[in-house]
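Here's the structure, in structure tokens; my notes come after.
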Amino acid sequence: MNILVTGAGGFIGKNLIAELRNRNYENIFEFTKETDASLLDEYCKIADFVFHLAGVNRPKEHSEFMKGNFGLTSKLLGCLKKHQNTCPVMFSSSIQAELDNPYGRSKKAGEEALFNYSRETGAKVLVYRFPNVFGKWCKPNYNSAVATFCHNIASDVPITVRDPDVVLNLVYIDDVVEELINALNGKENRVGDFCEIPVVHKITLGEIVDLIYSFKNSREELSIPDMSNGFIKKLYSTYLSYLPEDQFNYDLKMNVDQRGSFTEFIKTPDRGQVSVNITKPGITKGNHWHHTKNEKFLVVSGKGVIRFRKVDSDEVIEYFVSGDKLEVVDIPTGYVHNIENLGDTDLITIMWANECFDPEKPDTYYSEV
């Protein structure tokens, strides 16, 4: 299949092409502002499907809206008609096509050109009026508030929010790409004369800003956003894509003593916390039990033994563990437990607890195994 993508260097275009290649589509013709204009005619001759994503949304002069949006669309359709190519054409419009402003009028004109072309030739057209699209690779400080806020907050650049109560309708780039590939395969989500992205998120500008600041603070708090919320999951992924390249990493507080170290890694309000425990050779850690707190131990390096004793019993149970065989050991409530390093190297254990540590209520009681 020969696929023509105009606006291939733009936000949606780059994401679409990347996923098309992931799915082993090979003959993808990329048309950008830098492409030799004569190639458009050649591509239109052999295209089996056209993604028309090219457009102008931040020109120096208002007249460029009509030239860049309606003009290029007319040229594209003219080339297809010249070669009597009635392949399907997808058109990237905007919800602003409903508004009486220069950008909206230019998009509306492009839509009408597509519909007229379809009536004249019988070609299938798929017109999408996109709301605000967000996700990785969107240019910040341009025409996307989400991209701007993610970039600036991640880079410690001040932001301005004129009206936090403004409600945005947002679609995520991966959902857009999924829908466009469905359209390529004849499975578009059509609603009347137009096509739509099935998943739309409605949220205020203030809520978006608060979430992004919470993502930034999550490093210090060792927290993880609520990944059960679809929008938060997508926004967090977007935020991470705007981290400065010299700030992908961040430090954790290591609690170090002669026995080794204990470092908290991740804390969650509903799934407990994850920590990394390092035990030096010959050292035993633990010797305590819990009423309600329970844990899972996973030794990833070194060798040792985890011992248990029920609080009302003298019987000791032993589980020998090693980084050579990854296995999880549950730490049930009511059992005194410890872990001893039996090797010559550090014993490294990933520890999960069902609740975050609360110094006011540690639920930890000393006792020797």
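Chain labels run A, B, ... following the order of the structure tokens; each chain numbers its residues from 1, and ligands are numbered from 1 in the order shown.
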* Tell me, as a PyMOL selection string, which residues lie within 10 Å of stretch 116-125 of chain A, counting only C-alpha atoms; anything in the same chain fewer than 5 positions away does not count. => chain A and resi 49-50+74+77-78+80-81+84-91+110-111+193-195
Per-residue nearest contacts of stretch 128-202 of chain A to stretch 221-234 of chain A (8 Å; only C-alpha atoms) as CSV:
residue,atom,partner,partner_atom,distance
A:Gly135,CA,A:Lys234,CA,7.6
A:Tyr172,CA,A:Lys234,CA,7.0
A:His201,CA,A:Phe231,CA,6.8
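When the distance limit is 10 Å and only C-alpha atoms are what count, the residues near A:Asp251, minus those fewer than 6 positions from it on the same chain, are Arg219, Glu220 and Phe265 of chain A.
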* Which polymer residues have any atom within 7 Å of an atom of A:Ser301, counting only C-alpha atoms, with same-chain residues fewer than 6 positions away left out, as a list in words? -> Ser322, Gly323, Leu347 and Ile348 of chain A
Mind writing the picked residues with N, CA, C and O atoms as a PDB file, in the first residue's frame?
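So selection-v5.pdb came out as:
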ATOM      1  N   SER A 322      18.346 -16.293  46.447  1.00  0.00           N
ATOM      2  CA  SER A 322      19.524 -15.940  45.658  1.00  0.00           C
ATOM      3  C   SER A 322      19.114 -15.145  44.433  1.00  0.00           C
ATOM      4  O   SER A 322      18.022 -15.358  43.873  1.00  0.00           O
ATOM      5  N   GLY A 323      20.000 -14.231  44.032  1.00  0.00           N
ATOM      6  CA  GLY A 323      19.754 -13.492  42.813  1.00  0.00           C
ATOM      7  C   GLY A 323      19.843 -14.352  41.573  1.00  0.00           C
ATOM      8  O   GLY A 323      19.444 -13.934  40.484  1.00  0.00           O
ATOM      9  N   LEU A 347      23.912  -8.283  49.533  1.00  0.00           N
ATOM     10  CA  LEU A 347      22.619  -8.911  49.277  1.00  0.00           C
ATOM     11  C   LEU A 347      21.631  -7.789  48.967  1.00  0.00           C
ATOM     12  O   LEU A 347      21.363  -6.936  49.823  1.00  0.00           O
ATOM     13  N   ILE A 348      21.122  -7.771  47.754  1.00  0.00           N
ATOM     14  CA  ILE A 348      20.228  -6.684  47.324  1.00  0.00           C
ATOM     15  C   ILE A 348      18.808  -7.221  47.208  1.00  0.00           C
ATOM     16  O   ILE A 348      18.550  -8.180  46.467  1.00  0.00           O
TER      17      ILE A 348
END
* To do: Please identify all polymer residues within 7 Å of A:Ile95, counting only C-alpha atoms, omitting same-chain residues fewer than 3 positions from it, and present them as a PyMOL selection string.
  => chain A and resi 98+129-131
I need the chosen residues saved as a PDB file, in the first residue's frame, with all heavy atoms.
ATOM      1  N   GLU A  98     -15.891  25.662  13.093  1.00  0.00           N
ATOM      2  CA  GLU A  98     -17.225  26.158  13.435  1.00  0.00           C
ATOM      3  C   GLU A  98     -17.209  27.635  13.812  1.00  0.00           C
ATOM      4  O   GLU A  98     -18.268  28.235  14.014  1.00  0.00           O
ATOM      5  CB  GLU A  98     -17.794  25.346  14.595  1.00  0.00           C
ATOM      6  CG  GLU A  98     -17.918  23.851  14.312  1.00  0.00           C
ATOM      7  CD  GLU A  98     -18.366  23.064  15.531  1.00  0.00           C
ATOM      8  OE1 GLU A  98     -18.369  23.657  16.631  1.00  0.00           O
ATOM      9  OE2 GLU A  98     -18.717  21.888  15.387  1.00  0.00           O
ATOM     10  N   ARG A 129     -12.570  16.801  12.652  1.00  0.00           N
ATOM     11  CA  ARG A 129     -12.457  18.091  13.326  1.00  0.00           C
ATOM     12  C   ARG A 129     -11.800  17.856  14.689  1.00  0.00           C
ATOM     13  O   ARG A 129     -12.469  17.610  15.689  1.00  0.00           O
ATOM     14  CB  ARG A 129     -13.828  18.738  13.495  1.00  0.00           C
ATOM     15  CG  ARG A 129     -14.363  19.359  12.215  1.00  0.00           C
ATOM     16  CD  ARG A 129     -15.687  20.061  12.453  1.00  0.00           C
ATOM     17  NE  ARG A 129     -16.075  20.848  11.287  1.00  0.00           N
ATOM     18  CZ  ARG A 129     -17.217  21.515  11.180  1.00  0.00           C
ATOM     19  NH1 ARG A 129     -18.092  21.492  12.184  1.00  0.00           N
ATOM     20  NH2 ARG A 129     -17.482  22.215  10.096  1.00  0.00           N
ATOM     21  N   PHE A 130     -10.477  17.925  14.693  1.00  0.00           N
ATOM     22  CA  PHE A 130      -9.748  17.624  15.920  1.00  0.00           C
ATOM     23  C   PHE A 130      -9.944  18.700  16.981  1.00  0.00           C
ATOM     24  O   PHE A 130      -9.855  19.892  16.679  1.00  0.00           O
ATOM     25  CB  PHE A 130      -8.247  17.509  15.649  1.00  0.00           C
ATOM     26  CG  PHE A 130      -7.849  16.293  14.858  1.00  0.00           C
ATOM     27  CD1 PHE A 130      -6.991  16.399  13.787  1.00  0.00           C
ATOM     28  CD2 PHE A 130      -8.336  15.039  15.192  1.00  0.00           C
ATOM     29  CE1 PHE A 130      -6.614  15.295  13.064  1.00  0.00           C
ATOM     30  CE2 PHE A 130      -7.975  13.921  14.471  1.00  0.00           C
ATOM     31  CZ  PHE A 130      -7.106  14.039  13.396  1.00  0.00           C
ATOM     32  N   PRO A 131     -10.187  18.296  18.233  1.00  0.00           N
ATOM     33  CA  PRO A 131     -10.078  19.253  19.341  1.00  0.00           C
ATOM     34  C   PRO A 131      -8.589  19.417  19.661  1.00  0.00           C
ATOM     35  O   PRO A 131      -7.733  19.114  18.815  1.00  0.00           O
ATOM     36  CB  PRO A 131     -10.838  18.555  20.474  1.00  0.00           C
ATOM     37  CG  PRO A 131     -10.709  17.095  20.172  1.00  0.00           C
ATOM     38  CD  PRO A 131     -10.623  16.979  18.670  1.00  0.00           C
TER      39      PRO A 131
END
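Counting only C-alpha atoms and comparing A:Asp165, A:Glu360, A:Asp246, A:Asp257, the residue that lies closest to A:Thr279 is A:Asp257.
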* Quote the spacing between atom CA of A:Lys136 and atom CA of A:Asn189 in Å to one decimal place. =>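 Going from atom CA of A:Lys136 over to atom CA of A:Asn189 covers 23.5 Å.
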* Would you mind telling me which residue in A:Met351, A:Leu16, A:Val311, A:Leu342 lies nearest to A:Val328 when using only C-alpha atoms? =>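 Distance minimum relative to A:Val328 lands on A:Met351.
Using only C-alpha atoms, the protein and nucleic acid residues lying no more than 10 Å from A:Leu39, apart from those fewer than 5 places from it along its own chain, are Phe29, Glu30, Phe31, Cys44 and Lys45 of chain A.
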Enumerate, in order of chain and increasing residue number, the residues of stretch 50-147 of chain A with an atom no farther than 12 Å from stretch 208-213 of chain A, each with its shortest atom pair and distance in Å to one decimal, counting only C-alpha atoms, as a Markdown table.
| residue | atom | partner | partner_atom | distance |
| --- | --- | --- | --- | --- |
| A:Phe134 | CA | A:Ile208 | CA | 11.8 |
| A:Ala145 | CA | A:Ile208 | CA | 9.5 |
| A:Val146 | CA | A:Ile208 | CA | 7.7 |
| A:Ala147 | CA | A:Ile212 | CA | 10.7 |
Just list as a tab-separated table (two decimals) with C-alpha atoms, in the first residue's frame whatever in stretch 185-288 of chain A DSSP marks as strand (DSSP E or B).
chain	number	residue	atom	x	y	z
A	190	ARG	CA	-17.87	8.18	11.50
A	191	VAL	CA	-20.51	10.45	13.00
A	194	PHE	CA	-17.47	13.84	9.93
A	195	CYS	CA	-15.19	11.37	11.66
A	201	HIS	CA	-11.09	14.13	27.76
A	202	LYS	CA	-12.81	17.21	29.21
A	203	ILE	CA	-10.86	19.04	31.92
A	204	THR	CA	-10.19	22.59	33.09
A	223	SER	CA	4.84	9.23	44.48
A	254	MET	CA	19.84	6.33	51.05
A	255	ASN	CA	19.68	5.49	54.75
A	256	VAL	CA	23.18	4.06	55.22
A	257	ASP	CA	24.82	2.42	58.24
A	260	GLY	CA	24.18	-1.66	54.52
A	261	SER	CA	21.43	0.68	53.36
A	262	PHE	CA	17.68	1.06	52.99
A	263	THR	CA	16.22	3.31	50.29
A	264	GLU	CA	12.59	4.14	49.61
A	265	PHE	CA	11.86	4.16	45.86
A	266	ILE	CA	8.12	4.54	45.21
A	267	LYS	CA	5.16	5.41	47.46
A	268	THR	CA	1.50	5.17	46.55
A	272	GLY	CA	1.96	0.68	49.35
A	273	GLN	CA	5.62	1.39	48.73
A	274	VAL	CA	8.67	-0.15	47.09
A	275	SER	CA	12.15	0.05	48.65
A	276	VAL	CA	15.64	-1.27	48.00
A	277	ASN	CA	17.47	-2.97	50.87
A	278	ILE	CA	21.21	-3.70	50.77
A	279	THR	CA	22.62	-6.05	53.40
A	284	THR	CA	21.24	-9.86	59.59
A	285	LYS	CA	18.46	-7.29	59.27
A	286	GLY	CA	14.90	-7.30	60.55
A	287	ASN	CA	13.96	-9.22	63.68
A	288	HIS	CA	10.51	-7.71	63.99
* Can you pull out every residue within 10 Å of A:Thr345, counting only C-alpha atoms, but drop anything in the same chain fewer than 6 positions away, and send it as an MDAnalysis selection string? => chainID A and resid 279:282 301:303
* To do: In Å, rounded to a single decimal, give me how far atom CA of A:Phe215 is from atom CA of A:Val157.
  =>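 Between atom CA of A:Val157 and atom CA of A:Phe215 the gap is 15.1 Å.
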* To do: Please measure the separation of atom CA of A:Asn143 and atom CA of A:Glu245, giving the value in Å to one decimal.
  =>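 About the pair atom CA of A:Asn143 and atom CA of A:Glu245: they are 22.7 Å apart.
Using only C-alpha atoms for every distance, the candidate list A:Lys216, A:Asp175, A:Val127, A:Leu99 yields A:Lys216 as the residue closest to A:Asn152.
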